[in-house]
file model_11.cif (mmCIF, C-alpha atoms)
data_coords
#
loop_
_atom_site.label_atom_id
_atom_site.label_comp_id
_atom_site.auth_asym_id
_atom_site.auth_seq_id
_atom_site.Cartn_x
_atom_site.Cartn_y
_atom_site.Cartn_z
CA MET A 1 4.40 -81.24 -24.28
CA ASN A 2 5.28 -84.52 -22.56
CA HIS A 3 7.02 -84.44 -19.19
CA HIS A 4 10.28 -85.95 -20.47
CA LEU A 5 10.66 -83.33 -23.20
CA GLU A 6 9.83 -80.55 -20.75
CA LEU A 7 12.55 -81.77 -18.38
CA GLU A 8 15.09 -81.91 -21.24
CA GLN A 9 14.26 -78.32 -22.22
CA GLN A 10 14.61 -77.17 -18.61
CA LEU A 11 17.99 -78.93 -18.35
CA THR A 12 19.13 -77.32 -21.59
CA ALA A 13 18.16 -73.85 -20.34
CA ALA A 14 19.84 -74.47 -16.96
CA LEU A 15 23.10 -75.64 -18.55
CA LYS A 16 23.21 -72.69 -20.95
CA SER A 17 22.69 -70.38 -17.99
CA ILE A 18 25.42 -72.11 -15.96
CA ALA A 19 27.80 -71.88 -18.91
CA ARG A 20 27.73 -68.07 -18.77
CA ARG A 21 28.41 -67.76 -15.02
CA SER A 22 31.98 -66.67 -14.46
CA ASP A 23 31.71 -67.40 -10.71
CA LEU A 24 30.92 -71.07 -11.35
CA LYS A 25 33.67 -71.30 -13.95
CA ALA A 26 36.17 -69.84 -11.46
CA TYR A 27 35.01 -72.29 -8.78
CA VAL A 28 35.50 -75.25 -11.16
CA GLU A 29 38.98 -74.01 -12.08
CA GLN A 30 40.01 -73.54 -8.44
CA ASN A 31 38.60 -76.77 -7.02
CA PRO A 32 41.02 -79.60 -7.92
CA LEU A 33 38.53 -82.45 -7.42
CA ILE A 34 35.67 -80.90 -9.40
CA ASN A 35 38.08 -79.66 -12.05
CA ARG A 36 39.52 -83.15 -12.49
CA LEU A 37 36.08 -84.81 -12.71
CA LEU A 38 34.63 -82.34 -15.20
CA ARG A 39 37.79 -82.34 -17.29
CA GLN A 40 37.46 -86.13 -17.56
CA ALA A 41 34.01 -85.58 -19.08
CA ALA A 42 35.30 -82.78 -21.32
CA LEU A 43 38.00 -84.99 -22.84
CA ARG A 44 35.32 -86.77 -24.87
CA TYR A 45 34.80 -83.51 -26.78
CA VAL A 46 38.16 -81.71 -26.44
CA ALA A 47 41.38 -83.19 -27.84
CA GLY A 48 43.56 -81.98 -24.96
CA ASP A 49 45.07 -78.90 -23.36
CA SER A 50 47.94 -78.16 -25.73
CA LEU A 51 48.69 -77.51 -29.38
CA PRO A 52 50.56 -80.84 -29.82
CA GLU A 53 47.52 -82.70 -28.45
CA GLY A 54 45.11 -80.79 -30.68
CA LEU A 55 47.30 -81.23 -33.73
CA GLY A 56 47.81 -84.92 -32.97
CA ALA A 57 44.05 -85.50 -32.92
CA GLY A 58 43.72 -83.41 -36.09
CA LYS A 59 46.31 -85.50 -37.93
CA GLU A 60 44.43 -88.67 -36.98
CA ILE A 61 41.17 -87.19 -38.25
CA LEU A 62 42.84 -86.39 -41.59
CA ARG A 63 44.45 -89.83 -41.76
CA ARG A 64 41.02 -91.42 -41.46
CA GLY A 65 39.71 -89.52 -44.47
CA TYR A 66 37.85 -86.62 -42.89
CA SER A 67 38.43 -82.92 -43.47
CA LEU A 68 39.63 -80.99 -40.43
CA SER A 69 38.50 -77.95 -38.52
CA ILE A 70 40.58 -77.14 -35.44
CA GLU A 71 40.04 -74.54 -32.72
CA TYR A 72 42.05 -73.22 -29.79
CA ILE A 73 39.02 -72.72 -27.59
CA GLY A 74 38.34 -69.51 -25.71
CA GLU A 75 36.05 -66.49 -25.80
CA ASN A 76 35.04 -63.30 -23.97
CA THR A 77 38.67 -62.39 -23.32
CA SER A 78 38.73 -58.87 -21.92
CA ASP A 79 42.46 -58.52 -21.20
CA ALA A 80 44.51 -57.21 -24.14
CA GLU A 81 47.57 -59.27 -23.25
CA GLU A 82 45.49 -62.45 -23.11
CA CYS A 83 44.01 -61.59 -26.52
CA GLU A 84 47.53 -61.27 -27.93
CA GLN A 85 48.50 -64.59 -26.34
CA ALA A 86 45.47 -66.26 -27.96
CA ALA A 87 46.35 -64.75 -31.35
CA ALA A 88 49.94 -65.96 -30.91
CA GLU A 89 48.69 -69.49 -30.20
CA MET A 90 46.60 -69.40 -33.38
CA LYS A 91 49.61 -68.18 -35.38
CA ALA A 92 51.60 -71.11 -33.99
CA LEU A 93 48.79 -73.47 -34.99
CA ILE A 94 48.76 -72.09 -38.54
CA GLN A 95 52.54 -72.40 -38.69
CA GLN A 96 52.42 -76.02 -37.53
CA LEU A 97 49.79 -76.86 -40.16
CA LYS A 98 51.91 -75.13 -42.82
CA GLN A 99 55.08 -76.96 -41.84
CA SER A 100 53.27 -80.30 -41.87
CA GLU A 101 51.63 -79.38 -45.22
CA LEU A 102 48.26 -80.27 -43.76
CA PRO A 103 44.99 -78.91 -45.13
CA GLY A 104 42.70 -77.60 -42.45
CA ARG A 105 40.40 -74.93 -41.14
CA VAL A 106 41.38 -72.85 -38.12
CA SER A 107 38.23 -71.74 -36.29
CA PHE A 108 37.94 -69.19 -33.49
CA ASP A 109 35.74 -66.67 -31.71
CA LEU A 110 36.50 -63.02 -32.40
CA SER A 111 35.93 -62.36 -28.69
CA HIS A 112 39.00 -64.52 -28.04
CA ILE A 113 41.24 -62.17 -30.03
CA GLY A 114 40.01 -58.72 -29.11
CA LEU A 115 36.31 -58.12 -29.79
CA MET A 116 35.54 -57.56 -26.10
CA ILE A 117 38.06 -54.72 -26.10
CA SER A 118 37.29 -53.24 -29.52
CA PRO A 119 36.31 -54.38 -33.02
CA THR A 120 39.49 -52.63 -34.20
CA LEU A 121 41.69 -54.98 -32.17
CA ALA A 122 39.74 -58.03 -33.35
CA TYR A 123 40.13 -56.88 -36.96
CA ALA A 124 43.87 -56.30 -36.55
CA ASN A 125 44.43 -59.77 -35.10
CA LEU A 126 42.14 -61.39 -37.66
CA THR A 127 43.93 -59.86 -40.63
CA GLU A 128 47.31 -60.78 -39.15
CA LEU A 129 46.16 -64.41 -38.99
CA ALA A 130 44.83 -64.13 -42.55
CA ARG A 131 48.20 -62.88 -43.80
CA GLN A 132 49.89 -65.87 -42.20
CA ALA A 133 47.42 -68.33 -43.79
CA GLU A 134 47.50 -66.70 -47.23
CA GLY A 135 48.73 -68.96 -50.03
CA THR A 136 48.30 -72.16 -47.99
CA GLN A 137 45.69 -74.93 -47.71
CA ILE A 138 44.53 -73.37 -44.43
CA GLU A 139 41.19 -71.60 -44.09
CA LEU A 140 40.27 -69.18 -41.32
CA PHE A 141 36.75 -69.49 -39.97
CA ILE A 142 34.95 -67.13 -37.58
CA SER A 143 32.52 -68.71 -35.12
CA MET A 144 29.30 -66.97 -34.08
CA GLU A 145 28.55 -65.95 -30.51
CA GLU A 146 25.65 -64.43 -28.54
CA SER A 147 23.20 -62.31 -30.49
CA GLY A 148 24.42 -59.12 -28.81
CA LYS A 149 27.76 -59.52 -30.62
CA THR A 150 26.36 -60.42 -34.04
CA ASP A 151 26.50 -56.94 -35.57
CA ASP A 152 30.13 -56.44 -34.53
CA ILE A 153 31.14 -59.93 -35.66
CA LEU A 154 29.55 -59.48 -39.09
CA SER A 155 31.07 -56.02 -39.43
CA VAL A 156 34.60 -57.24 -38.68
CA TYR A 157 34.10 -60.25 -40.95
CA LYS A 158 32.87 -58.19 -43.91
CA GLN A 159 35.71 -55.69 -43.54
CA ALA A 160 38.34 -58.46 -43.39
CA ALA A 161 36.75 -60.59 -46.14
CA ASN A 162 37.01 -57.67 -48.57
CA GLU A 163 40.78 -58.04 -48.26
CA TYR A 164 40.95 -61.81 -47.62
CA PRO A 165 37.99 -63.51 -49.36
CA GLY A 166 38.93 -66.94 -48.01
CA ILE A 167 37.77 -66.12 -44.48
CA GLY A 168 34.59 -67.97 -43.50
CA ILE A 169 31.70 -67.00 -41.24
CA THR A 170 29.26 -68.97 -39.08
CA LEU A 171 25.54 -68.21 -38.98
CA GLN A 172 23.04 -69.42 -36.35
CA ALA A 173 19.72 -70.69 -37.70
CA HIS A 174 17.85 -70.12 -34.43
CA LEU A 175 18.25 -66.32 -34.60
CA ASN A 176 15.32 -64.64 -36.35
CA ARG A 177 17.70 -62.18 -38.02
CA THR A 178 19.80 -64.83 -39.78
CA PRO A 179 17.84 -65.15 -43.07
CA ALA A 180 18.36 -61.41 -43.64
CA ASP A 181 22.02 -61.64 -42.58
CA LEU A 182 22.62 -64.43 -45.09
CA ALA A 183 20.78 -62.63 -47.86
CA ALA A 184 23.07 -59.62 -47.29
CA LEU A 185 26.21 -61.75 -47.92
CA THR A 186 26.04 -61.36 -51.67
CA SER A 187 29.70 -62.19 -52.45
CA PRO A 188 30.22 -65.97 -52.59
CA GLY A 189 32.29 -67.16 -49.66
CA ARG A 190 32.55 -69.90 -47.05
CA ILE A 191 29.66 -70.24 -44.61
CA ARG A 192 28.99 -72.62 -41.72
CA ILE A 193 25.37 -72.98 -40.65
CA VAL A 194 24.65 -74.15 -37.08
CA LYS A 195 21.43 -74.29 -35.10
CA GLY A 196 22.91 -72.13 -32.31
CA ALA A 197 24.05 -73.10 -28.82
CA TYR A 198 23.42 -69.87 -26.89
CA GLN A 199 20.44 -69.07 -24.69
CA GLU A 200 18.54 -66.28 -26.45
CA PRO A 201 15.28 -64.41 -25.68
CA ASP A 202 12.15 -65.84 -27.30
CA HIS A 203 11.56 -62.68 -29.33
CA LEU A 204 14.98 -63.05 -30.98
CA SER A 205 15.09 -66.76 -31.66
CA LEU A 206 13.34 -70.05 -32.38
CA ALA A 207 13.49 -72.94 -29.92
CA ARG A 208 14.54 -76.42 -31.11
CA SER A 209 11.55 -77.52 -33.17
CA PRO A 210 10.43 -78.69 -36.64
CA GLU A 211 10.14 -74.98 -37.51
CA LEU A 212 13.79 -74.45 -36.68
CA ASN A 213 14.77 -77.46 -38.82
CA GLU A 214 12.77 -76.01 -41.71
CA ARG A 215 14.51 -72.66 -41.33
CA TYR A 216 17.88 -74.40 -41.17
CA LEU A 217 17.25 -76.22 -44.46
CA ASN A 218 16.00 -73.03 -46.09
CA LEU A 219 19.22 -71.27 -45.07
CA VAL A 220 21.35 -74.05 -46.54
CA GLU A 221 19.39 -73.89 -49.78
CA LEU A 222 19.73 -70.10 -49.97
CA ALA A 223 23.47 -70.26 -49.25
CA ILE A 224 23.99 -72.82 -52.01
CA ARG A 225 21.88 -70.79 -54.41
CA GLN A 226 23.98 -67.69 -53.62
CA GLY A 227 27.11 -69.61 -54.57
CA HIS A 228 28.61 -70.07 -51.10
CA GLN A 229 30.68 -73.05 -49.99
CA VAL A 230 28.53 -74.40 -47.15
CA SER A 231 29.40 -76.42 -44.07
CA ILE A 232 26.19 -78.01 -42.80
CA ALA A 233 27.10 -78.29 -39.12
CA THR A 234 24.64 -80.67 -37.48
CA HIS A 235 24.17 -84.08 -35.87
CA ASP A 236 20.39 -83.98 -36.37
CA ASP A 237 19.22 -87.08 -38.26
CA ALA A 238 16.20 -85.28 -39.73
CA ILE A 239 18.37 -82.53 -41.23
CA ILE A 240 21.07 -84.95 -42.41
CA ASN A 241 18.47 -87.16 -44.13
CA ALA A 242 16.87 -84.14 -45.81
CA VAL A 243 20.23 -82.82 -46.99
CA ARG A 244 21.08 -86.18 -48.53
CA GLU A 245 17.68 -86.53 -50.16
CA LYS A 246 18.06 -83.10 -51.76
CA GLY A 247 21.43 -84.17 -53.20
CA TRP A 248 23.31 -81.20 -51.75
CA LEU A 249 26.28 -83.33 -50.68
CA THR A 250 26.94 -84.59 -54.20
CA SER A 251 28.28 -81.23 -55.34
CA ALA A 252 31.58 -79.70 -54.28
CA GLN A 253 29.63 -76.86 -52.68
CA ALA A 254 28.48 -78.55 -49.46
CA GLU A 255 29.79 -80.77 -46.68
CA LEU A 256 28.64 -82.02 -43.30
CA GLU A 257 30.56 -80.76 -40.28
CA MET A 258 30.40 -82.67 -37.01
CA LEU A 259 31.89 -82.03 -33.58
CA TYR A 260 34.71 -84.16 -32.23
CA GLY A 261 33.31 -86.76 -29.87
CA ILE A 262 29.67 -86.27 -30.85
CA ARG A 263 28.22 -89.33 -32.61
CA PRO A 264 31.52 -90.48 -34.15
CA GLU A 265 29.83 -93.69 -35.30
CA LEU A 266 27.45 -91.57 -37.43
CA ALA A 267 30.34 -89.57 -38.89
CA ASN A 268 32.13 -92.83 -39.71
CA ARG A 269 29.08 -94.35 -41.41
CA LEU A 270 28.35 -91.23 -43.45
CA ARG A 271 31.98 -90.95 -44.55
CA SER A 272 32.09 -94.64 -45.52
CA GLU A 273 29.03 -94.01 -47.70
CA GLY A 274 30.96 -91.37 -49.63
CA ASN A 275 29.66 -88.18 -47.98
CA PRO A 276 32.13 -85.31 -47.35
CA ILE A 277 32.57 -84.98 -43.58
CA ARG A 278 34.57 -82.40 -41.67
CA VAL A 279 35.32 -82.98 -37.98
CA TYR A 280 35.65 -79.98 -35.64
CA VAL A 281 38.48 -80.62 -33.16
CA PRO A 282 38.86 -78.18 -30.23
CA TYR A 283 41.76 -78.05 -27.78
CA GLY A 284 42.86 -75.79 -24.94
CA LEU A 285 42.24 -75.10 -21.27
CA GLU A 286 38.96 -73.20 -21.68
CA TRP A 287 36.81 -76.34 -21.89
CA TYR A 288 34.22 -75.47 -19.21
CA LEU A 289 31.85 -73.48 -21.44
CA TYR A 290 32.35 -75.92 -24.29
CA LEU A 291 31.39 -78.91 -22.11
CA CYS A 292 28.25 -77.16 -20.85
CA HIS A 293 27.13 -76.46 -24.42
CA ARG A 294 27.79 -80.02 -25.61
CA ILE A 295 25.55 -81.39 -22.87
CA ALA A 296 22.94 -78.65 -23.28
CA GLU A 297 22.48 -79.26 -27.01
CA TYR A 298 21.82 -82.97 -26.44
CA PRO A 299 20.83 -83.61 -22.79
CA PRO A 300 21.44 -87.42 -22.95
CA ASN A 301 25.14 -86.47 -23.19
CA LEU A 302 24.80 -85.84 -19.44
CA TYR A 303 24.59 -89.61 -18.91
CA GLN A 304 27.84 -90.10 -20.82
CA ALA A 305 29.48 -87.26 -18.88
CA VAL A 306 28.65 -88.96 -15.56
CA ILE A 307 29.98 -92.29 -16.86
CA ASP A 308 33.22 -90.62 -18.02
CA MET A 309 33.67 -88.87 -14.67
CA VAL A 310 33.08 -92.03 -12.63
CA SER A 311 35.06 -94.43 -14.81
CA GLY A 312 38.12 -92.17 -15.06
CA GLN A 313 39.10 -94.01 -18.22
CA GLY A 314 40.55 -92.51 -21.37
CA VAL A 315 38.09 -91.67 -24.12
CA ASN A 316 38.09 -93.55 -27.41
CA ASN A 317 36.20 -91.50 -29.97
CA ASN A 318 35.97 -94.39 -32.46
CA TYR A 319 36.44 -92.47 -35.68
#
call {"tool": "encode", "arguments": {"input": "model_11.cif", "output": "structure tokens"}}
result
Amino acid sequence: MNHHLELEQQLTAALKSIARRSDLKAYVEQNPLINRLLRQAALRYVAGDSLPEGLGAGKEILRRGYSLSIEYIGENTSDAEECEQAAAEMKALIQQLKQSELPGRVSFDLSHIGLMISPTLAYANLTELARQAEGTQIELFISMEESGKTDDILSVYKQAANEYPGIGITLQAHLNRTPADLAALTSPGRIRIVKGAYQEPDHLSLARSPELNERYLNLVELAIRQGHQVSIATHDDAIINAVREKGWLTSAQAELEMLYGIRPELANRLRSEGNPIRVYVPYGLEWYLYLCHRIAEYPPNLYQAVIDMVSGQGVNNNY
């Protein structure tokens, strides 16, 4: 392994570790100067603090011809009242999308709406959101979290999807268990496949590598073969080129999904060439973890983060 690649992998591991430290997160939140600097970097990837800011960015994404996924960011919420507040925010988001007659996907972590307290609470809030979205152009989509939560997340998803088949689920290609998890989802539904942003033990996961890319493509192929609607969530040129060569984007079954602020010029080029592109737009105050993961998954983003912090200028995402 060359020295540059080794340093990038060490930075990735360090950032993923930092992202999970509640003491550092609390320090960032309580220190006005550091909070302001890091928030300036986060604004490249997060549409703003509030629902109107998130929805405004979402409307612009739709106007430019992309599909929309929008998330009120947050996770690992262990206070029941805060879980209810998060669920209420998501209901308000669904209501705003309904009133504006906008098509879109509302994404969220189950640990934001009750999973840290009990799967029962997460299920109750999830099905309440599903009832509100029923009969609209709005999809609900569950994100995936650390491997220790996977069984509970899949259990809540399967229970809710029996009643509301339109709910989607995210699967992480880097987890060794994921091929079996996908194979077990025999009823066609909506699936997002990501590489996986969380730091996991070596015996449970694959590191970023050609082997991981191969597994990712195999999962997409299996999902399509099983009849799922598939969001191929990646910015990896090798995977995108392979997906296009295989012709998967020419059917109505598959789309590319890209994160707001990550390689918008690539999203724009792919869309202009006729490929279906969905842009994932997050908003909210819980941007610290999200920023750490965006830099960790592509360490050169650290350079851009420093530039954004120093310049103090507004971010133009160039979609």
call {"tool": "resolve_selection", "arguments": {"input": "model_11.cif", "expression": "the PyMOL selection byres ((chain A and resi 237-242) around 10)", "output": "list in words"}}
result
Pro210, Asn213, Glu214, Tyr216, Leu217, Ile232, Ala233, Thr234, His235, Asp236, Val243, Arg244, Glu245, Lys246, Gly247, Trp248, Leu249, Leu256, Leu266 and Leu270 of chain A
call {"tool": "residues_around", "arguments": {"input": "model_11.cif", "residues": "Arg190 (chain A)", "least_positions_apart": "6", "cutoff": "10 Å", "atoms": "all atoms listed in the file", "output": "MDAnalysis selection string"}}
result
chainID A and resid 139:141 165:170 223 227:231 253:254
call {"tool": "atom_distance", "arguments": {"input": "model_11.cif", "atom1": "CA of Glu134 (chain A)", "atom2": "CA of Arg271 (chain A)"}}
result
28.9 Å
call {"tool": "resolve_selection", "arguments": {"input": "model_11.cif", "expression": "the PyMOL selection byres ((chain A and resi 142-158) around 10)", "output": "ChimeraX atom specification"}}
result
/A:71,75-76,106-111,115-116,118-124,126-127,140-141,159-165,167-172,175,177-178,181,185,187,191-194,196-201,204-205
call {"tool": "atom_distance", "arguments": {"input": "model_11.cif", "atom1": "CA of Lys91 (chain A)", "atom2": "CA of Glu128 (chain A)"}}
result
8.6 Å
call {"tool": "residues_around", "arguments": {"input": "model_11.cif", "residues": "Ser78 (chain A)", "least_positions_apart": "2", "cutoff": "8 Å", "atoms": "all atoms listed in the file", "output": "PyMOL selection string"}}
result
chain A and resi 76+80+82-83+114+116-117
call {"tool": "atom_distance", "arguments": {"input": "model_11.cif", "atom1": "CA of Gln137 (chain A)", "atom2": "CA of Tyr45 (chain A)"}}
result
25.1 Å
call {"tool": "closest_residue", "arguments": {"input": "model_11.cif", "among": "A:Ser100, A:Asn125, A:Pro188, A:Thr250", "to": "Ala88 (chain A)", "atoms": "only C-alpha atoms"}}
result
A:Asn125
call {"tool": "resolve_selection", "arguments": {"input": "model_11.cif", "expression": "the PyMOL selection byres ((chain A and resi 136) around 12)", "output": "JSON, numbers by chain"}}
result
{"A": [94, 95, 96, 97, 98, 99, 100, 101, 102, 103, 104, 105, 130, 131, 132, 133, 134, 135, 137, 138, 139, 140, 166]}
call {"tool": "axis_aligned_box", "arguments": {"input": "model_11.cif", "around": "region 53-71 of chain A", "padding_each_side": "6 Å", "output": "lines of an AutoDock Vina configuration file"}}
result
center_x = 42.8
center_y = -83.0
center_z = -36.5
size_x = 22.0
size_y = 28.9
size_z = 28.0
call {"tool": "closest_residue", "arguments": {"input": "model_11.cif", "among": "A:Ala41, A:Ala57, A:Leu51, A:Leu129", "to": "Ala87 (chain A)", "atoms": "only C-alpha atoms"}}
result
A:Leu129
call {"tool": "residues_around", "arguments": {"input": "model_11.cif", "residues": "Gly65 (chain A)", "least_positions_apart": "4", "cutoff": "10 Å", "atoms": "only C-alpha atoms", "output": "count of residues only"}}
result
9
call {"tool": "residues_around", "arguments": {"input": "model_11.cif", "residues": "region 283-290 of chain A", "least_positions_apart": "5", "cutoff": "8 Å", "atoms": "all atoms listed in the file", "output": "list in words"}}
result
Ala19, Arg20, Lys25, Leu38, Arg39, Ala42, Val46, Ala47, Gly48, Asp49, Ser50, Leu51, Glu53, Gly54, Ile70, Glu71, Tyr72, Ile73 and Gly74 of chain A
call {"tool": "closest_residue", "arguments": {"input": "model_11.cif", "among": "A:Leu62, A:Leu212, A:Ala173, A:Ile307", "to": "Val281 (chain A)", "atoms": "only C-alpha atoms"}}
result
A:Leu62
call {"tool": "closest_residue", "arguments": {"input": "model_11.cif", "among": "A:Ser209, A:Gln40, A:Gln85, A:Thr77", "to": "Lys195 (chain A)", "atoms": "all atoms listed in the file"}}
result
A:Ser209
